[in-house]
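Here's the structure, in structure tokens; my notes come after.
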Amino acid sequence: MGQYDTTRNALLGFTDLREIATTEGTVRIPEVSLSALTKGERLLIWRRREGHTQREAAKLLGMGMKRYTHIERGERGDELPARTSLLGELQSHEICFLLRRASGRTIPECAAEAGVSRYWYNLMEQGKACPDRLLKHWGEDGRQKQSGHRISEEV
């Protein structure tokens with residue numbers, strides 16, 4: 001879903017919200033299901049969960065680096081290896097990561113809006129730090145502030 005992605009940004013057209021409890025109360029973030037993800041997004045989530053670089057993931061899956069990066073970017077519709085299809089439910093920080101990528105906005109832009117450092121924002125997206133600020137940033141209230149209008153008008 002990065003700068004080379006040619007898929008549509010279906011994640012930004014969400015209709016359902018998921019309630020997540022944080023230390024500051026409940027936040028409502030978009031509900032994103034695995035079925036809404038492209039093959040490239042599923043591959044990206046699998047790779048991030050496993051902690052692999054693109055090169056390591058390509059080698060593990062028995063494919064060349066070029067082919068792997070094209071699939072992850074959404075430029076090829078190749079079938080994914082079976083091990084990448086058993087992801088289970090998306091975690092809240094992964095949904096926020098996908099929303100940011102679908103929006104086309106950078107980590108520094110979003111970090112400034114959320115009032116945290118770029119480094120901290122990145123840790124939250126990776127699930128290595130408490131994601132409460134991240135959830136608030138991409139939650140219903142945060143999206144209203146970012147867009148300047150109500151969420152129902154975005155859909």
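Residues are referred to by chain and number: the chain letter is A, B, ... according to the order shown in the structure tokens, the number counts from 1 in that chain, and ligands are numbered separately from 1 in the order shown.
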
At most 7 Å is the cut-off: for each residue in segment 75-137 of chain A with any atom that close to an atom of segment 18-42 of chain A, write down the nearest atom pair and the distance in Å rounded to one decimal, counting only C-alpha atoms, chain first then increasing number, as a Markdown table.
| residue | atom | partner | partner_atom | distance |
| --- | --- | --- | --- | --- |
| A:Ile95 | CA | A:Val32 | CA | 6.5 |
| A:Asp132 | CA | A:Thr22 | CA | 5.7 |
| A:Leu135 | CA | A:Val27 | CA | 6.8 |
| A:Lys136 | CA | A:Val27 | CA | 6.4 |

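Here the DSSP assignment of helix (DSSP H, G or I), based on backbone atoms, applies within segment 47-97 of chain A to Arg47, Arg48, Arg49, Glu50, Gln54, Arg55, Glu56, Ala57, Ala58, Lys59, Leu60, Met65, Lys66, Arg67, Tyr68, Thr69, His70, Ile71, Glu72, Arg73, Ala82, Arg83, Thr84, Ser92, His93, Glu94, Ile95, Cys96 and Phe97 of chain A.
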
For the selection you just gave me, I'd like the residues written to a file as a PDB file, in the first residue's frame, keeping C-alpha atoms.
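Saved file selection.pdb follows:
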ATOM      1  CA  ARG A  47       5.908 -10.240   7.506  1.00  0.00           C
ATOM      2  CA  ARG A  48       5.611  -7.618  10.240  1.00  0.00           C
ATOM      3  CA  ARG A  49       4.202 -10.171  12.702  1.00  0.00           C
ATOM      4  CA  GLU A  50       7.069 -12.553  11.972  1.00  0.00           C
ATOM      5  CA  GLN A  54      11.413  -8.179   2.835  1.00  0.00           C
ATOM      6  CA  ARG A  55      14.563 -10.035   1.836  1.00  0.00           C
ATOM      7  CA  GLU A  56      14.162 -12.577   4.660  1.00  0.00           C
ATOM      8  CA  ALA A  57      10.469 -13.075   3.879  1.00  0.00           C
ATOM      9  CA  ALA A  58      11.158 -13.605   0.176  1.00  0.00           C
ATOM     10  CA  LYS A  59      13.806 -16.206   0.979  1.00  0.00           C
ATOM     11  CA  LEU A  60      11.525 -17.992   3.472  1.00  0.00           C
ATOM     12  CA  MET A  65      13.098 -10.299  -3.899  1.00  0.00           C
ATOM     13  CA  LYS A  66      11.665  -8.507  -6.925  1.00  0.00           C
ATOM     14  CA  ARG A  67       8.635 -10.802  -7.097  1.00  0.00           C
ATOM     15  CA  TYR A  68       8.069 -10.499  -3.352  1.00  0.00           C
ATOM     16  CA  THR A  69       8.168  -6.686  -3.316  1.00  0.00           C
ATOM     17  CA  HIS A  70       5.813  -6.500  -6.294  1.00  0.00           C
ATOM     18  CA  ILE A  71       3.287  -8.713  -4.492  1.00  0.00           C
ATOM     19  CA  GLU A  72       3.548  -6.729  -1.253  1.00  0.00           C
ATOM     20  CA  ARG A  73       3.070  -3.451  -3.121  1.00  0.00           C
ATOM     21  CA  ALA A  82      -0.434 -21.000   2.723  1.00  0.00           C
ATOM     22  CA  ARG A  83       1.573 -19.900   5.769  1.00  0.00           C
ATOM     23  CA  THR A  84       0.708 -16.241   5.074  1.00  0.00           C
ATOM     24  CA  SER A  92      -5.736  -2.643  16.809  1.00  0.00           C
ATOM     25  CA  HIS A  93      -2.229  -1.286  16.118  1.00  0.00           C
ATOM     26  CA  GLU A  94      -2.215  -3.163  12.786  1.00  0.00           C
ATOM     27  CA  ILE A  95      -5.504  -1.544  11.796  1.00  0.00           C
ATOM     28  CA  CYS A  96      -4.036   1.873  12.609  1.00  0.00           C
ATOM     29  CA  PHE A  97      -0.935   1.029  10.551  1.00  0.00           C
TER      30      PHE A  97
END

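DSSP secondary structure from the backbone places A:Leu17, A:Arg18, A:Glu19, A:Ile20, A:Ala21, A:Thr22, A:Gly25, A:Thr26, A:Val27, A:Arg28, A:Ile29, A:Pro30 of segment 4-149 of chain A in strand (DSSP E or B).
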
Limited to N, CA and C atoms, could you put the picked residues into a file as a PDB file, in the first residue's frame?
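This is the output file again.pdb:
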ATOM      1  N   LEU A  17     -17.421   0.399  13.149  1.00  0.00           N
ATOM      2  CA  LEU A  17     -16.407   0.787  14.118  1.00  0.00           C
ATOM      3  C   LEU A  17     -16.267  -0.280  15.187  1.00  0.00           C
ATOM      4  N   ARG A  18     -15.045  -0.438  15.695  1.00  0.00           N
ATOM      5  CA  ARG A  18     -14.743  -1.386  16.764  1.00  0.00           C
ATOM      6  C   ARG A  18     -14.396  -0.575  18.004  1.00  0.00           C
ATOM      7  N   GLU A  19     -14.960  -0.954  19.140  1.00  0.00           N
ATOM      8  CA  GLU A  19     -14.648  -0.260  20.388  1.00  0.00           C
ATOM      9  C   GLU A  19     -13.455  -0.936  21.052  1.00  0.00           C
ATOM     10  N   ILE A  20     -12.460  -0.120  21.429  1.00  0.00           N
ATOM     11  CA  ILE A  20     -11.247  -0.593  22.075  1.00  0.00           C
ATOM     12  C   ILE A  20     -11.092   0.159  23.397  1.00  0.00           C
ATOM     13  N   ALA A  21     -10.851  -0.578  24.468  1.00  0.00           N
ATOM     14  CA  ALA A  21     -10.623   0.049  25.770  1.00  0.00           C
ATOM     15  C   ALA A  21      -9.174   0.516  25.855  1.00  0.00           C
ATOM     16  N   THR A  22      -8.968   1.765  26.267  1.00  0.00           N
ATOM     17  CA  THR A  22      -7.639   2.312  26.484  1.00  0.00           C
ATOM     18  C   THR A  22      -7.558   2.814  27.920  1.00  0.00           C
ATOM     19  N   GLY A  25     -10.107   5.586  28.428  1.00  0.00           N
ATOM     20  CA  GLY A  25     -11.507   5.312  28.113  1.00  0.00           C
ATOM     21  C   GLY A  25     -11.626   4.489  26.844  1.00  0.00           C
ATOM     22  N   THR A  26     -12.814   4.471  26.286  1.00  0.00           N
ATOM     23  CA  THR A  26     -13.079   3.685  25.086  1.00  0.00           C
ATOM     24  C   THR A  26     -12.898   4.534  23.840  1.00  0.00           C
ATOM     25  N   VAL A  27     -12.249   3.953  22.846  1.00  0.00           N
ATOM     26  CA  VAL A  27     -12.030   4.606  21.562  1.00  0.00           C
ATOM     27  C   VAL A  27     -12.672   3.742  20.496  1.00  0.00           C
ATOM     28  N   ARG A  28     -13.294   4.380  19.527  1.00  0.00           N
ATOM     29  CA  ARG A  28     -13.892   3.653  18.408  1.00  0.00           C
ATOM     30  C   ARG A  28     -13.007   3.850  17.182  1.00  0.00           C
ATOM     31  N   ILE A  29     -12.466   2.720  16.672  1.00  0.00           N
ATOM     32  CA  ILE A  29     -11.643   2.769  15.466  1.00  0.00           C
ATOM     33  C   ILE A  29     -12.343   1.970  14.368  1.00  0.00           C
ATOM     34  N   PRO A  30     -11.991   2.215  13.119  1.00  0.00           N
ATOM     35  CA  PRO A  30     -12.609   1.461  12.028  1.00  0.00           C
ATOM     36  C   PRO A  30     -12.393  -0.041  12.182  1.00  0.00           C
TER      37      PRO A  30
END

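Distance-wise, atom CA of Glu109 of chain A and atom CA of Leu123 of chain A end up 15.2 Å apart.
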